[in-house]
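Right, one structure below, let's go through it.
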Amino acid sequence: MDGYPQVVTRYSTISFLSDFGHADEFVGVVHSVIRSIAPEAAVVDVTHGIRPHDVRAGALALARSAQYLCPGVVLAVVDPGVGTDRRAVAIEVGEGASVLVGPDNGLLASAVAMVGGASRAVELAAPELQLPRIGSTFDGRDVFAPAAAHIANGVDLADFGPVIDAASLMPGLLPVIGVEDGGLMVEVLWIDHYGNVQLNIGAEDLAEWGDPVSLIVGDHRETIARRGAYRDISSGEVGAVIDSTGLVSLAVNGGSAAEKLHISASDELRIEKIDGPPPQSTAVTLGRMQ
Amino acid sequence: MDGYPQVVTRYSTISFLSDFGHADEFVGVVHSVIRSIAPEAAVVDVTHGIRPHDVRAGALALARSAQYLCPGVVLAVVDPGVGTDRRAVAIEVGEGASVLVGPDNGLLASAVAMVGGASRAVELAAPELQLPRIGSTFDGRDVFAPAAAHIANGVDLADFGPVIDAASLMPGLLPVIGVEDGGLMVEVLWIDHYGNVQLNIGAEDLAEWGDPVSLIVGDHRETIARRGAYRDISSGEVGAVIDSTGLVSLAVNGGSAAEKLHISASDELRIEKIDGPPPQSTAVTLGRMQ
Amino acid sequence: MDGYPQVVTRYSTISFLSDFGHADEFVGVVHSVIRSIAPEAAVVDVTHGIRPHDVRAGALALARSAQYLCPGVVLAVVDPGVGTDRRAVAIEVGEGASVLVGPDNGLLASAVAMVGGASRAVELAAPELQLPRIGSTFDGRDVFAPAAAHIANGVDLADFGPVIDAASLMPGLLPVIGVEDGGLMVEVLWIDHYGNVQLNIGAEDLAEWGDPVSLIVGDHRETIARRGAYRDISSGEVGAVIDSTGLVSLAVNGGSAAEKLHISASDELRIEKIDGPPPQSTAVTLGRMQ
């Protein structure tokens with residue numbers, strides 16, 4: 001600008017997460033659109049198995065993955081509001097280390113917070129950086145994929161549309177925990193492919209309630225002991241292990257704890273001491289997911 | 001050729017669609033075979049979630065994707081007739097812009113038609129451009145993947161086998177619609193991952209029947225209004241949106257229209273005016289899928 | 001080494017198999033970790049659809065794929081014993097042609113045997129070649145992926161940890177067949193995506209029992225004729241075809257033989273002659289899977 005060459009930041013990796021599933025060609029079409037625009041960029045599929053429309057599950061998966069993703073562009077699409085006036089956005093983090101692209105519906109919020117917050121954000125508005133829209137139902141193809149590819153190519157965020165105040169971005173829904181009537185109320189963040197049940201507490205939160213603890217799921221009460229590995233859980237027992245994100249997961253050796261305990265994502269569970277008075281603390285931390 | 005150097009056309013992208021699913025190693029073995037022969041080519045997975053043996057569903061997915069795929073080789077395998085005398089073919093389109101490789105069973109026909117028809121076609125017969133066959137059940141690995149890779153490397157179609165008259169290629173099955181007894185008979189082309197129900201009509205076809213219209217599914221009658229986005233569909237309602245291919249899709253906000261209406265792919269449905277006489281027109285177009 | 005430059009072997013392909021599924025971000029995180037360490041290496045996903053914890057199914061899928069994989073690193077993770085003292089290993093085969101990385105639980109054994117056995121093996125112990133572990137449940141991310149990437153980059157196996165005697169590696173479980181009371185006892189190795197039922201016998205093993213043969217599944221008896229292709233199987237019939245690994249598979253034309261016969265992987269079935277005395281031979285081979 002004014003004779004000074006602009007520094008162009010290119011990105012070699014686009015990490016891609018969605019609820020598109022693998023039954024249809026949605027993922028493949030997005031890959032094709034990206035490759036048409038940015039043939040040098042590598043696309044890493046984070047997952048496309050997010051439950052349809054489940055923005056919260058997508059946000060949690062992105063937050064769990066964030067620290068392992070390659071610096072670059074992160075394209076995330078779980079977008080039940082597609083076609084409405086919800087904003088399409090690009091959010092720069094780490095002073096340009098990475099850029100997250102997706103709908104402004106809370107999907108990106110936790111991941112952005114985990115890496116230190118937004119250093120810049122814009123609305124994806126410029127039609128010349130989008131595909132001609134057919135219908136209004138596939139912004140992944142028509143808006144987000146072209147944006148991710150152009151950003152990988154070095155197009156500046158400012159070219160996409162008006163700057164957004166980062167404070168106006170939709171925040172993530174943070175699950176809360178707390179002590180109630182002498183029990184610890186916790187929330188199920190995630191049921192993984194194996195049936196492990198991730199809770200929104202860390203090892204130290206659980207330790208305050210003894211070992212083993214009593215877990216209440218609806219009308220059912222189960223004794224849960226802390227175990228070092230899945231294989232250390234006895235047959236017929238449900239154990240508590242520290243999982244790969246540092247949170248407490250309920251697990252069954254070689255089976256599904258979710259199935260055994262009839263637990264679904266977002267369920268609220270209750271933990272109690274097996275005997276003795278409950279802990280006095282009321283401030284409870286969220287562990288690494290905070 | 002008589003001293004003139006032959007122009008070699010290489011392709012950097014192989015777009016790959018199949019009904020192989022992700023439970024087994026079929027897709028991975030095809031990728032490995034391609035990479036062994038053409039390590040420079042990038043393979044883009046369009047989808048492998050086509051219902052087993054469903055040539056029609058594969059043809060429709062390919063037609064929906066076609067305009068977004070990178071120029072290059074398109075490898076498509078939905079092949080219930082593997083091991084019989086159905087032909088294995090390579091079809092050049094756009095005077096060499098792309099080459100489609102797969103079984104001659106109608107799978108490729110719609111995509112070929114959408115890009116202007118075949119400019120050349122050959123049968124994949126030359127054994128030296130195939131892998132030694134083990135069994136007769138996996139031509140994806142033994143015939144089609146090596147062909148796609150060799151074509152990407154610049155091997156000329158003429159080297160694969162005898163030229164085929166394009167008119168002799170198996171045509172695609174085109175769903176038909178028509179007016180019957182004052183109602184519009186339509187066919188379900190596709191149920192997507194979200195449960196949206198794609199019909200074989202465009203916006204203008206539907207408009208002739210008013211807004212809302214009456215939809216008859218077996219014994220059930222449902223009132224369907226045109227909506228601009230999934231989110232604009234009221235709770236409990238089934239709406240009609242223009243989907244990402246330009247056709248009419250029945251949808252439920254945050255849920256599955258297919259489940260709600262008990263609709264499957266290939267079902268025939270009936271649309272009627274809610275009141276007043278039916279449209280007089282009898283010639284109905286197929287929209288973009290024609 | 002005393003002034004002599006060490007020859008560095010780099011690998012351009014990492015073939016990756018697991019039971020991680022596609023519902024979560026496990027596969028994507030492993031890809032990201034690999035790309036962070038070895039951005040030049042291409043990752044080919046063999047399959048991630050192995051049934052959770054099913055080491056035997058993973059070993060069989062790897063053995064079926066082995067001869068088609070690109071030379072390089074093979075990363076295989078089906079690891080129900082993660083977090084216990086089961087060893088993490090890297091096994092060199094073909095004097096350095098390829099290196100297999102995974103848990104020492106039998107998963108790698110059949111593939112190693114198929115390519116001529118181990119020429120070197122080490123335990124993955126060096127913490128500086130791993131990620132800092134969070135929890136003890138995701139060695140795919142923290143131990144195996146970094147090892148695969150560093151090996152692709154040319155890090156010598158000796159740097160990872162102590163050399164292991166190849167004879168001490170966990171052997172694969174080889175299914176056995178045999179003649180019992182005038183019938184041939186066979187085992188189901190694999191039910192594929194289409195419902196084809198792979199048996200642990202080759203064409204010549206089956207031929208000894210005539211054509212057609214009688215198949216006994218629990219209380220049910222089915223007549224099975226040898227067919228050249230799926231399409232050659234009559235409607236309502238179950239046929240025996242030679243599948244893409246050279247073994248006998250039971251199949252239904254356009255449908256699932258496993259569903260029709262209520263057969264699961266690992267089931268034991270019995271084959272009998274339809275008439276006449278049984279074969280006298282008792283030594284039966286395993287075909288290509290041996």
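Going by the structure tokens order, chains are called A, B, ..., each with residues numbered from 1, while ligands are numbered from 1 in the order shown.
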TODO: Enumerate, as a ChimeraX atom specification, the complete set of residues in range 109-168 of chain C that a backbone-based DSSP assignment places in strand (DSSP E or B).
DONE: /C:118-123,163
Those same residues - all heavy atoms - I'd like them written as a compact mmCIF listing (two decimals), in the first residue's frame.
# COMPACT_ATOMS: atom_id res chain seq x y z
N ALA C 118 10.39 -60.25 10.33
CA ALA C 118 11.06 -59.04 10.80
C ALA C 118 12.56 -59.12 10.56
O ALA C 118 13.18 -60.14 10.82
CB ALA C 118 10.81 -58.85 12.30
N SER C 119 13.14 -58.02 10.03
CA SER C 119 14.59 -57.97 9.96
C SER C 119 15.17 -57.21 11.16
O SER C 119 16.35 -57.31 11.46
CB SER C 119 15.04 -57.34 8.63
OG SER C 119 14.35 -56.15 8.35
N ARG C 120 14.34 -56.46 11.88
CA ARG C 120 14.77 -55.72 13.06
C ARG C 120 13.52 -55.28 13.81
O ARG C 120 12.48 -55.03 13.19
CB ARG C 120 15.56 -54.47 12.62
CG ARG C 120 16.46 -53.89 13.67
CD ARG C 120 17.60 -53.06 13.06
NE ARG C 120 17.18 -52.01 12.14
CZ ARG C 120 17.52 -50.71 12.27
NH1 ARG C 120 18.28 -50.32 13.29
NH2 ARG C 120 17.15 -49.82 11.37
N ALA C 121 13.60 -55.16 15.11
CA ALA C 121 12.45 -54.65 15.88
C ALA C 121 12.96 -53.90 17.09
O ALA C 121 13.98 -54.27 17.69
CB ALA C 121 11.54 -55.81 16.31
N VAL C 122 12.27 -52.81 17.44
CA VAL C 122 12.64 -52.04 18.63
C VAL C 122 11.39 -51.69 19.42
O VAL C 122 10.28 -51.68 18.89
CB VAL C 122 13.37 -50.72 18.28
CG1 VAL C 122 14.67 -51.00 17.56
CG2 VAL C 122 12.47 -49.80 17.48
N GLU C 123 11.60 -51.41 20.69
CA GLU C 123 10.51 -50.89 21.51
C GLU C 123 10.51 -49.37 21.40
O GLU C 123 11.56 -48.73 21.40
CB GLU C 123 10.71 -51.33 22.97
CG GLU C 123 9.54 -50.90 23.81
CD GLU C 123 9.57 -51.51 25.22
OE1 GLU C 123 10.45 -52.36 25.51
OE2 GLU C 123 8.70 -51.12 26.02
N VAL C 163 16.48 -52.77 21.30
CA VAL C 163 16.18 -53.77 20.28
C VAL C 163 15.41 -54.92 20.91
O VAL C 163 15.66 -55.31 22.05
CB VAL C 163 17.49 -54.27 19.63
CG1 VAL C 163 17.25 -55.51 18.77
CG2 VAL C 163 18.12 -53.14 18.82
TODO: Return as a ChimeraX atom specification the residues belonging to chain A that are within 10 Å of chain C, counting only C-alpha atoms.
DONE: /A:12-13,15-17,19,21-22,42,44-51,57-58,61-62,64-71,190-195,228-232,241-248,253-256
Task: Selection near Arg270 in chain C, 12 Å with only C-alpha atoms, sequence-local residues under 5 positions removed, as a PyMOL selection string - done: chain C and resi 177-188+199-201+206+209+213-224
For the selection you just gave me, I'd like the residues written to a file as a PDB file, in the first residue's frame, keeping C-alpha atoms.
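What landed in out_33.pdb:
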ATOM      1  CA  ILE C 177      -9.491 -75.715   9.922  1.00  0.00           C
ATOM      2  CA  GLY C 178      -9.761 -79.432   9.983  1.00  0.00           C
ATOM      3  CA  VAL C 179     -11.818 -82.486   9.161  1.00  0.00           C
ATOM      4  CA  GLU C 180     -14.133 -83.712  11.897  1.00  0.00           C
ATOM      5  CA  ASP C 181     -16.627 -86.571  11.625  1.00  0.00           C
ATOM      6  CA  GLY C 182     -16.656 -86.439   7.854  1.00  0.00           C
ATOM      7  CA  GLY C 183     -17.139 -82.679   7.636  1.00  0.00           C
ATOM      8  CA  LEU C 184     -14.785 -79.740   7.107  1.00  0.00           C
ATOM      9  CA  MET C 185     -14.774 -77.255   9.983  1.00  0.00           C
ATOM     10  CA  VAL C 186     -14.076 -73.721   8.696  1.00  0.00           C
ATOM     11  CA  GLU C 187     -14.003 -70.322  10.296  1.00  0.00           C
ATOM     12  CA  VAL C 188     -15.467 -67.014   9.160  1.00  0.00           C
ATOM     13  CA  LEU C 199     -13.981 -68.398   4.872  1.00  0.00           C
ATOM     14  CA  ASN C 200     -10.484 -69.559   5.737  1.00  0.00           C
ATOM     15  CA  ILE C 201     -10.239 -71.937   2.783  1.00  0.00           C
ATOM     16  CA  LEU C 206     -13.548 -76.520  -1.244  1.00  0.00           C
ATOM     17  CA  TRP C 209     -15.946 -81.649  -1.046  1.00  0.00           C
ATOM     18  CA  VAL C 213     -21.529 -78.696  -1.091  1.00  0.00           C
ATOM     19  CA  SER C 214     -23.706 -78.660   1.968  1.00  0.00           C
ATOM     20  CA  LEU C 215     -23.053 -75.891   4.487  1.00  0.00           C
ATOM     21  CA  ILE C 216     -24.173 -76.278   8.082  1.00  0.00           C
ATOM     22  CA  VAL C 217     -24.728 -73.091  10.101  1.00  0.00           C
ATOM     23  CA  GLY C 218     -26.054 -73.997  13.524  1.00  0.00           C
ATOM     24  CA  ASP C 219     -29.251 -75.952  12.844  1.00  0.00           C
ATOM     25  CA  HIS C 220     -29.551 -74.760   9.286  1.00  0.00           C
ATOM     26  CA  ARG C 221     -28.308 -76.577   6.193  1.00  0.00           C
ATOM     27  CA  GLU C 222     -27.762 -74.720   2.908  1.00  0.00           C
ATOM     28  CA  THR C 223     -26.689 -75.990  -0.497  1.00  0.00           C
ATOM     29  CA  ILE C 224     -23.836 -73.915  -1.887  1.00  0.00           C
TER      30      ILE C 224
END
- [ ] Would you mind listing what lies within 6 Å of Pro103 in chain A as a ChimeraX atom specification, with only C-alpha atoms counted and same-chain residues fewer than 2 positions away left out?
- [x] /A:88-89,105
With N, CA and C atoms retained, export the selected residues as an mmCIF file, in the first residue's frame.
data_model
loop_
_atom_site.group_PDB
_atom_site.id
_atom_site.type_symbol
_atom_site.label_atom_id
_atom_site.label_comp_id
_atom_site.auth_asym_id
_atom_site.auth_seq_id
_atom_site.Cartn_x
_atom_site.Cartn_y
_atom_site.Cartn_z
ATOM 1 N N ALA A 88 -21.370 -15.378 8.286
ATOM 2 C CA ALA A 88 -20.247 -16.245 7.934
ATOM 3 C C ALA A 88 -18.986 -15.457 8.265
ATOM 4 N N VAL A 89 -18.038 -16.078 8.996
ATOM 5 C CA VAL A 89 -16.903 -15.300 9.499
ATOM 6 C C VAL A 89 -15.562 -15.987 9.279
ATOM 7 N N ASN A 105 -21.865 -19.111 14.966
ATOM 8 C CA ASN A 105 -22.943 -19.678 15.794
ATOM 9 C C ASN A 105 -22.406 -20.345 17.056
#
TODO: If you run DSSP over the backbone, which residues in range 13-183 of chain B end up alpha helix (DSSP H)? Put them as a PyMOL selection string.
DONE: chain B and resi 26-37+55-65+109-114+139+145-152
Task: Coordinates-based distance that separates CA of Pro175 in chain A from CA of Val252 in chain B (Å, one decimal) - done: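 Rounded to one decimal, the two atoms are 27.7 Å apart.
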